[in-house]
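S.K.: Hey, dropping protein_15.tsv in here, TSV, C-alpha atoms and all ligand atoms:
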```tsv
chain	number	residue	atom	x	y	z
L	1	MET	CA	239.42	220.00	103.79
L	2	ARG	CA	236.32	218.75	101.97
L	3	TYR	CA	233.31	217.55	103.89
L	4	LEU	CA	232.84	213.82	104.25
L	5	THR	CA	229.14	213.07	103.71
L	6	ILE	CA	227.24	210.40	105.62
L	7	ALA	CA	223.80	209.19	104.47
L	8	LEU	CA	221.51	207.79	107.15
L	9	PRO	CA	218.20	205.94	106.73
L	10	LYS	CA	215.35	207.91	108.31
L	11	GLY	CA	214.17	206.45	111.60
L	12	ARG	CA	215.59	204.16	114.22
L	13	LEU	CA	218.85	203.23	112.48
L	14	ALA	CA	219.70	206.90	111.97
L	15	GLU	CA	218.96	207.76	115.59
L	16	LYS	CA	220.99	204.87	116.92
L	17	THR	CA	223.93	205.76	114.64
L	18	MET	CA	223.90	209.40	115.78
L	19	LYS	CA	223.81	208.31	119.44
L	20	ILE	CA	226.87	206.12	118.90
L	21	LEU	CA	228.73	208.90	117.09
L	22	GLU	CA	227.79	211.32	119.86
L	23	ARG	CA	229.23	208.99	122.47
L	24	ALA	CA	232.39	208.82	120.36
L	25	GLY	CA	232.63	212.63	120.54
L	26	ILE	CA	231.32	213.26	117.03
L	27	SER	CA	228.16	215.15	117.84
L	28	CYS	CA	225.63	216.98	115.71
L	29	PRO	CA	223.01	218.61	117.99
L	30	GLU	CA	220.90	219.95	115.11
L	31	PHE	CA	220.21	216.40	114.03
L	32	SER	CA	217.88	215.61	116.92
L	33	ASP	CA	216.00	218.94	116.82
L	34	PRO	CA	212.37	217.83	116.20
L	35	ASP	CA	211.33	221.27	114.87
L	36	THR	CA	213.81	221.61	112.07
L	37	ARG	CA	212.96	220.90	108.44
L	38	LYS	CA	216.61	221.01	107.43
L	39	LEU	CA	217.80	218.05	105.41
L	40	ILE	CA	221.55	218.34	105.90
L	41	PHE	CA	223.44	218.72	109.18
L	42	THR	CA	227.10	219.50	109.68
L	43	ASN	CA	229.79	218.82	112.21
L	44	GLU	CA	232.42	221.51	111.66
L	45	GLU	CA	235.02	219.99	113.96
L	46	TYR	CA	235.42	216.87	111.81
L	47	LYS	CA	234.10	218.41	108.59
L	48	LEU	CA	231.23	215.98	108.33
L	49	LYS	CA	227.83	216.33	106.69
L	50	PHE	CA	224.88	214.12	107.56
L	51	PHE	CA	221.61	213.67	105.76
L	52	ASN	CA	218.54	211.54	106.21
L	53	ALA	CA	217.23	209.59	103.23
L	54	LYS	CA	214.75	206.83	102.56
L	55	GLY	CA	216.51	203.55	103.43
L	56	PRO	CA	216.52	202.08	99.89
L	57	ASP	CA	218.04	205.34	98.56
L	58	VAL	CA	221.05	205.23	100.90
L	59	PRO	CA	223.08	202.74	98.77
L	60	THR	CA	222.20	204.82	95.68
L	61	PHE	CA	223.63	208.01	97.23
L	62	VAL	CA	226.75	206.07	98.22
L	63	GLU	CA	227.25	204.32	94.86
L	64	TYR	CA	227.13	207.63	92.99
L	65	GLY	CA	229.43	209.33	95.51
L	66	ALA	CA	226.79	211.83	96.66
L	67	ALA	CA	227.54	210.37	100.08
L	68	ASP	CA	230.93	208.90	101.01
L	69	ILE	CA	229.50	206.72	103.75
L	70	GLY	CA	226.06	205.22	104.41
L	71	ILE	CA	224.32	203.30	107.16
L	72	VAL	CA	221.76	200.81	105.93
L	73	GLY	CA	220.08	197.52	106.79
L	74	LYS	CA	221.59	194.38	105.25
L	75	ASP	CA	218.15	193.69	103.72
L	76	THR	CA	218.26	196.95	101.75
L	77	LEU	CA	221.87	196.34	100.76
L	78	LEU	CA	221.04	192.93	99.29
L	79	GLU	CA	217.86	194.13	97.66
L	80	GLU	CA	219.44	197.18	96.00
L	81	GLY	CA	222.62	195.39	94.85
L	82	ARG	CA	224.63	198.61	94.53
L	83	ASN	CA	228.36	198.89	93.91
L	84	VAL	CA	229.50	199.86	97.41
L	85	TYR	CA	231.88	198.43	99.99
L	86	GLU	CA	230.32	196.93	103.10
L	87	VAL	CA	232.86	197.73	105.80
L	88	LEU	CA	231.25	197.22	109.19
L	89	ASP	CA	228.50	195.20	110.84
L	90	MET	CA	226.96	197.72	113.25
L	91	LYS	CA	225.33	194.85	115.22
L	92	PHE	CA	222.15	196.82	115.92
L	93	GLY	CA	218.87	196.74	114.02
L	94	ARG	CA	219.03	192.98	114.30
L	95	CYS	CA	216.18	191.03	112.72
L	96	ARG	CA	215.57	188.10	110.37
L	97	MET	CA	214.37	187.78	106.79
L	98	CYS	CA	211.89	184.92	106.77
L	99	VAL	CA	209.32	183.08	104.73
L	100	CYS	CA	206.12	183.45	106.77
L	101	GLY	CA	202.53	182.47	106.39
L	102	PRO	CA	199.75	180.47	107.97
L	103	GLU	CA	200.84	177.05	109.28
L	104	SER	CA	198.59	175.57	106.57
L	105	ALA	CA	200.93	176.88	103.86
L	106	ARG	CA	203.84	174.73	105.09
L	107	GLN	CA	202.89	171.71	103.00
L	108	ALA	CA	202.69	173.61	99.70
L	109	LEU	CA	206.00	175.27	100.58
L	110	ASN	CA	207.69	171.94	101.25
L	111	ASN	CA	206.21	170.25	98.18
L	112	GLY	CA	207.97	172.77	95.97
L	113	GLY	CA	204.73	173.79	94.26
L	114	LEU	CA	204.14	177.01	92.33
L	115	ILE	CA	203.18	179.14	95.31
L	116	LYS	CA	202.56	182.88	95.39
L	117	VAL	CA	205.02	184.92	97.46
L	118	ALA	CA	204.23	188.53	98.41
L	119	THR	CA	207.17	190.70	99.41
L	120	LYS	CA	208.79	194.10	99.55
L	121	TYR	CA	212.05	192.26	98.72
L	122	PRO	CA	211.65	190.59	95.29
L	123	VAL	CA	215.42	190.26	94.71
L	124	ILE	CA	216.01	188.51	98.04
L	125	ALA	CA	212.90	186.33	97.57
L	126	ARG	CA	213.86	185.34	94.01
L	127	ASP	CA	217.41	184.58	95.03
L	128	TYR	CA	216.22	182.39	97.90
L	129	PHE	CA	213.56	180.41	96.04
L	130	TYR	CA	215.25	180.14	92.63
L	131	LYS	CA	218.94	179.80	93.56
L	132	LYS	CA	218.93	178.31	97.05
L	133	LYS	CA	215.81	176.16	96.96
L	134	ASN	CA	215.58	175.60	93.23
L	135	GLN	CA	211.85	176.25	93.44
L	136	THR	CA	209.82	178.19	90.89
L	137	VAL	CA	207.43	180.61	92.60
L	138	GLU	CA	205.33	183.59	91.62
L	139	ILE	CA	206.66	186.72	93.29
L	140	ILE	CA	204.28	189.61	93.94
L	141	LYS	CA	205.95	192.93	94.76
L	142	MET	CA	204.31	194.91	97.56
L	143	ASN	CA	205.19	198.14	99.38
L	144	GLY	CA	204.20	197.50	103.00
L	145	SER	CA	201.79	195.74	105.37
L	146	ILE	CA	202.93	192.53	103.68
L	147	GLU	CA	201.25	190.40	106.36
L	148	LEU	CA	197.91	191.28	104.78
L	149	ALA	CA	198.68	189.31	101.62
L	150	PRO	CA	198.16	185.73	102.88
L	151	ILE	CA	195.28	186.83	105.11
L	152	VAL	CA	193.22	188.28	102.27
L	153	GLY	CA	194.28	185.59	99.79
L	154	LEU	CA	196.68	187.57	97.61
L	155	SER	CA	199.51	185.12	98.28
L	156	ASP	CA	200.29	181.79	99.95
L	157	VAL	CA	203.27	183.09	101.90
L	158	ILE	CA	205.31	186.26	102.38
L	159	VAL	CA	209.02	187.04	102.52
L	160	ASP	CA	209.45	189.73	105.14
L	161	ILE	CA	211.39	191.03	108.10
L	162	VAL	CA	210.64	189.55	111.51
L	163	GLU	CA	211.90	191.44	114.52
L	164	THR	CA	209.88	190.58	117.64
L	165	GLY	CA	207.40	188.34	115.79
L	166	LYS	CA	204.47	190.32	117.21
L	167	THR	CA	203.02	191.34	113.82
L	168	LEU	CA	202.97	187.70	112.73
L	169	LYS	CA	201.48	186.47	116.00
L	170	ASP	CA	198.75	189.14	116.07
L	171	ASN	CA	197.71	188.09	112.57
L	172	GLY	CA	197.77	184.32	113.03
L	173	LEU	CA	200.90	183.83	110.95
L	174	CYS	CA	204.23	182.17	111.75
L	175	VAL	CA	207.81	181.82	110.52
L	176	LEU	CA	207.99	178.90	108.10
L	177	GLU	CA	211.63	179.24	107.00
L	178	GLU	CA	214.47	181.56	107.94
L	179	ILE	CA	216.34	183.08	105.00
L	180	LEU	CA	219.02	185.14	106.74
L	181	GLN	CA	219.96	187.24	109.76
L	182	LEU	CA	220.03	190.99	109.28
L	183	SER	CA	221.59	194.01	110.99
L	184	ALA	CA	222.67	197.55	110.12
L	185	ARG	CA	225.85	197.87	108.04
L	186	MET	CA	228.20	200.70	107.20
L	187	ILE	CA	228.87	201.09	103.49
L	188	VAL	CA	231.46	203.21	101.70
L	189	ASN	CA	231.78	204.55	98.16
L	190	PRO	CA	234.70	202.70	96.45
L	191	VAL	CA	236.45	205.94	95.40
L	192	SER	CA	236.02	207.50	98.87
L	193	MET	CA	237.50	204.34	100.33
L	194	LYS	CA	240.74	205.08	98.43
L	195	MET	CA	240.79	208.89	98.51
L	196	GLU	CA	239.58	209.40	102.06
L	197	ASP	CA	240.88	206.22	103.63
L	198	SER	CA	242.25	207.81	106.82
L	199	ARG	CA	239.05	209.74	107.62
L	200	VAL	CA	236.84	206.75	106.77
L	201	ALA	CA	239.07	204.57	108.97
L	202	MET	CA	238.76	207.11	111.80
L	203	ILE	CA	234.97	206.92	111.70
L	204	ILE	CA	234.96	203.13	111.51
L	205	ARG	CA	237.35	203.00	114.48
L	206	ALA	CA	235.26	205.43	116.54
L	207	ILE	CA	232.04	203.48	115.92
L	208	LYS	CA	233.71	200.11	116.52
L	209	GLN	CA	235.08	201.28	119.87
L	210	GLU	CA	231.64	202.44	120.99
L	211	LEU	CA	229.94	199.26	119.78
L	212	GLU	CA	232.41	197.17	121.78
L	213	LYS	CA	231.35	198.97	124.97
L	214	GLU	CA	227.70	197.92	124.51
L	301	LIG	C1	208.24	195.55	109.50
L	301	LIG	C2	208.01	194.21	108.84
L	301	LIG	C3	206.96	193.58	109.69
L	301	LIG	C4	207.27	194.11	111.07
L	301	LIG	C5	208.01	193.09	111.86
L	301	LIG	O1	207.28	196.42	109.02
L	301	LIG	O2	207.61	194.36	107.48
L	301	LIG	O3	205.68	193.99	109.28
L	301	LIG	O4	208.08	195.28	110.89
L	301	LIG	O5	208.23	193.48	113.19
L	301	LIG	P1	207.81	192.57	114.43
L	301	LIG	O6	208.33	191.19	114.17
L	301	LIG	O7	208.55	193.21	115.59
L	301	LIG	O8	206.35	192.62	114.58
L	301	LIG	P2	207.37	197.98	109.16
L	301	LIG	O9	206.88	198.39	110.50
L	301	LIG	O10	208.76	198.43	108.82
L	301	LIG	O11	206.34	198.53	108.09
L	301	LIG	P3	205.85	198.00	106.67
L	301	LIG	O12	204.70	197.08	106.95
L	301	LIG	O13	205.41	199.23	105.97
L	301	LIG	O14	206.98	197.31	105.98
```
Show me this structure written as C-alpha cells.
Ligand code: PRP
M.R.:
Amino acid sequence: MRYLTIALPKGRLAEKTMKILERAGISCPEFSDPDTRKLIFTNEEYKLKFFNAKGPDVPTFVEYGAADIGIVGKDTLLEEGRNVYEVLDMKFGRCRMCVCGPESARQALNNGGLIKVATKYPVIARDYFYKKKNQTVEIIKMNGSIELAPIVGLSDVIVDIVETGKTLKDNGLCVLEEILQLSARMIVNPVSMKMEDSRVAMIIRAIKQELEKE
C-alpha cells in the first residue's frame, strides 16, 4: 500500500490537527518531539506520512500531488487559488479577515476614494474592493506586521486577520469592515480524491467524529 501524504502548516494549526488525529487513534509521536530536525513523520499502521510546510505552500504541495491531503487556513486557500478540493471545515483556527485602520480612515473608506490598502493578502483585498465594493484602491503587498502600515503612514487601512483584536487595540486601530469568517480547512488533491477515496474518506470521518465531540 502506498503512503498517503498529509501536509500541515507549521504552528498552531498543525499541532491542533495532530492532537485531533491522535484522539482518533491515528498517532505520530515523533511529530511532537521538540528536538528532532526531521521534516517527514510516518504512521506505519495507517501508512501515512506527515510533513510541516509554510502555510502558503500547503495548497501548492496538494495541487501538484506531492501531498494527497493538506490542512490550511481558508485565508491561504483563497489567496493561493490552487486547484484543490476543499472537503472539510475543521472549525478551529477561527478568525476574521477585516479591513482595519484608525477610526479616522472610516470616512475615506466610505466615500469610495482611492485609498491605500496594505496587506499580506492582495488577492483577497483586490477581490473585496474591486468585485464586492466596486471601489478602486491601491494595494500594497506586505509580509507581516501589517498593523504598522497605517501607523507610520504607508497606507490608509489594512486588510488583515483579526483573532482576539488585541493587536489592533494595542495599536489604536479598529475593525472598519468585516470581509469574511475564516477557519482551518482540509483540502485534497483531485486525483487522490478519486484514486484514494476510501482512505481519504476514512481520515475525514475520523476527524469529523473527533470535532463533533468538542
Ligand atoms: C496575525 C495578524 C494580526 C494578528 C491578529 O499576525 O496578522 O497581526 O495575528 O491577532 P489578534 O487579533 O489576536 O491580535 P501574526 O501573528 O500571524 O504575524 P504577522 O504579523 O507576521 O502576520
S.K.: List all protein, DNA and RNA residues that have an atom no more than 12 Å from any atom of ligand LIG 301 (chain L), counting all atoms listed in the file, and report them as number ranges by chain.
M.R.: L: 10-13, 55, 73, 75-76, 93-100, 118-121, 142-149, 158-171, 173-175
S.K.: Give me the residues near Lys133 (chain L) as an MDAnalysis selection string, where near means some atom within 10 Å (using only C-alpha atoms) and where sequence neighbours in that chain fewer than 6 positions away do not count.
M.R.: chainID L and resid 112 126:127
S.K.: As an exercise, work out the distance from CA of Tyr64 (chain L) to CA of Leu77 (chain L) in Å and give it to one decimal place.
M.R.: 14.7 Å
S.K.: Suppose you want the space between CA of Ala206 (chain L) and CA of Glu80 (chain L); what is it in Å?
M.R.: 27.2 Å
S.K.: Using only C-alpha atoms, which residues sit within 12 Å of Ser104 (chain L) once same-chain residues fewer than 2 positions away are excluded, as a PyMOL selection string?
M.R.: chain L and resi 100-102+106-110+150-151+156-157+172-176
S.K.: I'd like the neighbourhood of Ala67 (chain L) as a ChimeraX atom specification, where a residue qualifies if any of its atoms comes within 7 Å (using all atoms listed in the file), though same-chain residues fewer than 2 positions away should be ignored.
M.R.: /L:5-7,61-62,65,69-70
S.K.: One decimal, Å: what's the distance from CA of Val58 (chain L) over to CA of Leu88 (chain L), could you say?
M.R.: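 Between CA of Val58 (chain L) and CA of Leu88 (chain L) the gap is 15.4 Å.
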S.K.: Between L:Met18, L:Leu182, L:Met193, L:Val137, which is the closest to Phe41 (chain L) once you count only C-alpha atoms?
M.R.: L:Met18
S.K.: Could you work out an axis-aligned box for region 63-75 of chain L, taking every atom the file lists and adding 5 Å on each side, and report centre and edge lengths in Å to one decimal, as lines of an AutoDock Vina configuration file?
M.R.:
```
center_x = 224.5
center_y = 202.8
center_z = 100.1
size_x = 22.8
size_y = 28.1
size_z = 24.2
```
S.K.: Between L:Val200, L:Ala125, L:Ala24, L:Ala184, which is the closest to Ile71 (chain L) once you count all atoms listed in the file?
M.R.: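 Closest candidate: L:Ala184.
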S.K.: Which polymer residues have any atom within 10 Å of an atom of region 36-39 of chain L, counting all atoms listed in the file, with same-chain residues fewer than 6 positions away left out, as a ChimeraX atom specification?
M.R.: /L:30,50-53
S.K.: So, counting all atoms listed in the file, which residue among L:Val123, L:Ile115, L:Leu4, L:Asn43 is closest to Gly81 (chain L)?
M.R.: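 Closest residue, counting all atoms listed in the file: L:Val123.
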S.K.: Any idea what's packed within 12 Å of Ile204 (chain L), counting all atoms listed in the file, ignoring anything in its chain fewer than 6 positions away? Could you give it as a list in words?
M.R.: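 The residues that qualify are Thr17, Ile20, Leu21, Ala24, Ile69, Gly70, Ile71, Glu86, Val87, Leu88, Asp89, Met90, Arg185, Met186, Ile187, Val188, Met193, Asp197, Ser198, Glu210 and Leu211 of chain L.
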